[in-house]
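Notes follow the structure.
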Amino acid sequence: MDDATAVFPQQIHWADQGTSRIPFMAYTEADQHRRELERLFYKSHWCYVGLEAEIPEAGDFKRTVVGERSVIMIRDAEGGINVVENVCAHRGMQFCRERHGNKKAEGFTCPYHQWNYSLGGDLQGVPFRRGVKQDGKINGGMPADFKPAEHGLNKLKVAVRGGVVFASFDPDIESLEDFMGPTILGYFDRLFNGRKLKILGYNRQRIPGNWKLMQENIKDPYHPGLLHTWFVTFGLWRADNKSQLKMDDHHRHAAMISTRGTSGKADQVTQVSSFKESMQLNDDRFLDIVPEPWWGGPTAVMMTLFPSVIFQQQVNSVSTRHIQPSGPGAFDFVWTHFGFEDDDEAMTQRRLRQANLFGPAGFVSADDGEVIELSQKGFEQKPFHRTLAELGGREVGDTDHMVTETLIRGMYEYWRKVMEA
């Protein structure tokens with residue numbers, strides 16, 4: 001093997017059958033990324049597309065994505081929810097350009113040739129379908145055997161639970177409940193417990209890193225008490241908090257559960273550089289935390305539903321985080337901050353204020369975007385190398401502490417099985 005081949009390997013190589021040493025090429029290789037889209041986003045997986053509260057009225061829609069395929073979530077006239085692919089059945093144009101809107105009156109019309117579709121995605125209008133009458137004869141028109149029913153938009157399978165909407169291109173996918181598994185479903189139902197949701201706002205950012213790095217970041221309890229000054233100094237998430245890590249049976253989904261401890265000094269935190277005893281808040285309302293009955297104890301639960309979404313509860317701030325891949329080296333990250341319709345005004349303002357911890361310029365999340373970008377640069381610089389995820393050992397399993405990288409190892413155990421790597 002010559003030096004060039006060693007530095008720029010032709011295919012991904014795992015050192016052994018384990019998942020504690022992840023090849024850098026798992027984050028950079030273009031052909032592999034297309035296989036990920038095929039196997040992890042377009043087959044056998046439910047993907048998050050939005051919240052029912054985003055489309056409350058008939059005709060309301062939201063343009064979003066599943067993997068890298070543009071889709072539209074729509075409320076139909078009967079109150080049901082449809083998800084269709086944003087690709088015209090005529091010449092393939094992505095016909096919908098608005099992010100949100102209402103199409104109750106006219107349905108969707110492709111601007112290229114004015115093909116028109118119902119809110120359910122059925123073709124209902126084709127200009128010049130029967131030709132154009134000129135000089136006593138009919139010119140053009142669609143063939144006599146053209147059937148509009150055969151040329152609707154591509155319709156995805158849809159599942160709705162607790163006000164959250166999922167979709168899949170796979171018509172034979174298992175139920176959403178089986179996909180989550182009982183453990184993760186329990187934490188999902190804790191947050192989405194039947195109360196009507198209220199949209200508070202959005203953040204959107206492009207992060208120049210591989211999409212899996214955000215799944216890893218939220219499965220990684222090692223870094224919050226080391227990287228995030230805010231978390232460690234004010235006690236919201238750090239290694240000495242009471243905590244649990246739980247996975248589904250396939251180890252693809254996970255929940256990190258933590259109960260806030262005291263802020264300030266503690267033996268485990270004063271030795272890390274992120275702890276800043278002198279840090280003070282100009283507005284102490286950021287720590288105006290009010291326990292809510294539905295918490296059931298934990299003050300923070302971070303759920304990663306593989307591959308597409310993170311469900312966040314950090315004290316009173318609740319949001320979804322949608323991972324939208326854009327090639328192997330970047331992804332869009334879309335935050336939807338929400339509350340509940342029965343929140344009083346004080347709680348709504350509290351949720352909005354605490355949301356400043358998160359998003360592109362959040363007191364906490366800005367750190368994550370930067371370290372993901374710098375990690376990607378390292379992977380691309382040294383494609384023959386590998387990461388090391390051996391905190392807490394090399395095995396995979398639930399724990400009652402945060403001093404481990406077991407959730408990352410679990411995710412790649414599943415990834416290797418599906419990707420046959």
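Going by the structure tokens order, chains are called A, B, ..., each with residues numbered from 1, while ligands are numbered from 1 in the order shown.
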Tell me, which residues of stretch 144-219 of chain A carry DSSP strand (DSSP E), written as a count of residues only? 21
Could you pull out all residues of stretch 153-367 of chain A with a DSSP call of alpha helix (DSSP H) and give them as a ChimeraX atom specification? /A:176-180,182-191,212-218,224-227,229-234,345-354,365-367
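For the choices A:Thr183, A:Ser175, A:Asn86, A:Ser20, the atom-to-atom distance to A:Lys157 is smallest for A:Ser175 when using only C-alpha atoms.
Compared by their closest atoms to A:Trp294, and using only C-alpha atoms, the residues A:Ser308, A:Gln313, A:Asn116, A:Asn154 rank with A:Gln313 nearest.
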Per residue of stretch 271-348 of chain A within 12 Å of stretch 31-41 of chain A, what are the shortest atom pair and its distance in Å to one decimal, counting only C-alpha atoms, with rows by chain and residue number, as JSON lines?
{"residue": "A:Leu305", "atom": "CA", "partner": "A:Leu40", "partner_atom": "CA", "distance": 11.8}
{"residue": "A:Phe306", "atom": "CA", "partner": "A:Leu40", "partner_atom": "CA", "distance": 8.4}
{"residue": "A:Pro307", "atom": "CA", "partner": "A:Leu40", "partner_atom": "CA", "distance": 6.7}
{"residue": "A:Ser308", "atom": "CA", "partner": "A:Phe41", "partner_atom": "CA", "distance": 7.8}
{"residue": "A:Val309", "atom": "CA", "partner": "A:Phe41", "partner_atom": "CA", "distance": 11.5}
{"residue": "A:Ile323", "atom": "CA", "partner": "A:Phe41", "partner_atom": "CA", "distance": 11.0}
{"residue": "A:Gln324", "atom": "CA", "partner": "A:Phe41", "partner_atom": "CA", "distance": 10.3}
{"residue": "A:Pro325", "atom": "CA", "partner": "A:Leu37", "partner_atom": "CA", "distance": 8.7}
{"residue": "A:Ser326", "atom": "CA", "partner": "A:His33", "partner_atom": "CA", "distance": 9.7}
{"residue": "A:Gly327", "atom": "CA", "partner": "A:His33", "partner_atom": "CA", "distance": 7.0}
{"residue": "A:Pro328", "atom": "CA", "partner": "A:His33", "partner_atom": "CA", "distance": 5.6}
{"residue": "A:Gly329", "atom": "CA", "partner": "A:His33", "partner_atom": "CA", "distance": 9.4}
{"residue": "A:Ala330", "atom": "CA", "partner": "A:His33", "partner_atom": "CA", "distance": 11.2}
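Computed from the coordinates, the atom CA of A:Val65 to atom CA of A:Thr336 distance equals 14.4 Å.
Each of A:Val290, A:Ile218, A:Trp46, A:Leu197 was checked against A:Ile173 using only C-alpha atoms; the smallest atom-to-atom distance is that of A:Trp46.
The two atoms in question, atom CA of A:Glu395 and atom CA of A:Ala6, are spaced 29.0 Å apart.
Nearest to A:Val87 of all the residues A:Lys417, A:Gly410, A:Phe108, A:Lys133 is A:Phe108, counting only C-alpha atoms.
Considering the residues A:Gln10, A:Ser317, A:Asn82, A:Thr109 and counting only C-alpha atoms, A:Arg97 has its shortest atom-to-atom contact with A:Thr109.
Excluding stretch 162-170 of chain A itself and any same-chain residue fewer than 4 positions from it, the protein and nucleic acid residues within 8 Å of it, counting only C-alpha atoms, are Phe41, Tyr42, Lys43, Ser44, His45, Trp46, Cys47, Tyr48, Val49, Gly50, Leu51, Glu52, Ala53, Val66, Val83, Lys155, Leu156, Lys157, Val158, Asp189, Phe192, Asn193, Gly194, Arg195, Lys196 and Leu197 of chain A.
Around A:Ala15, within 12 Å and counting only C-alpha atoms, the residues found are Ser20, Arg21, Ile22, Pro23, Phe24, Phe384, His385, Arg386, Thr387, Leu388 and Ala421 of chain A, once anything fewer than 5 positions away on its own chain is removed.
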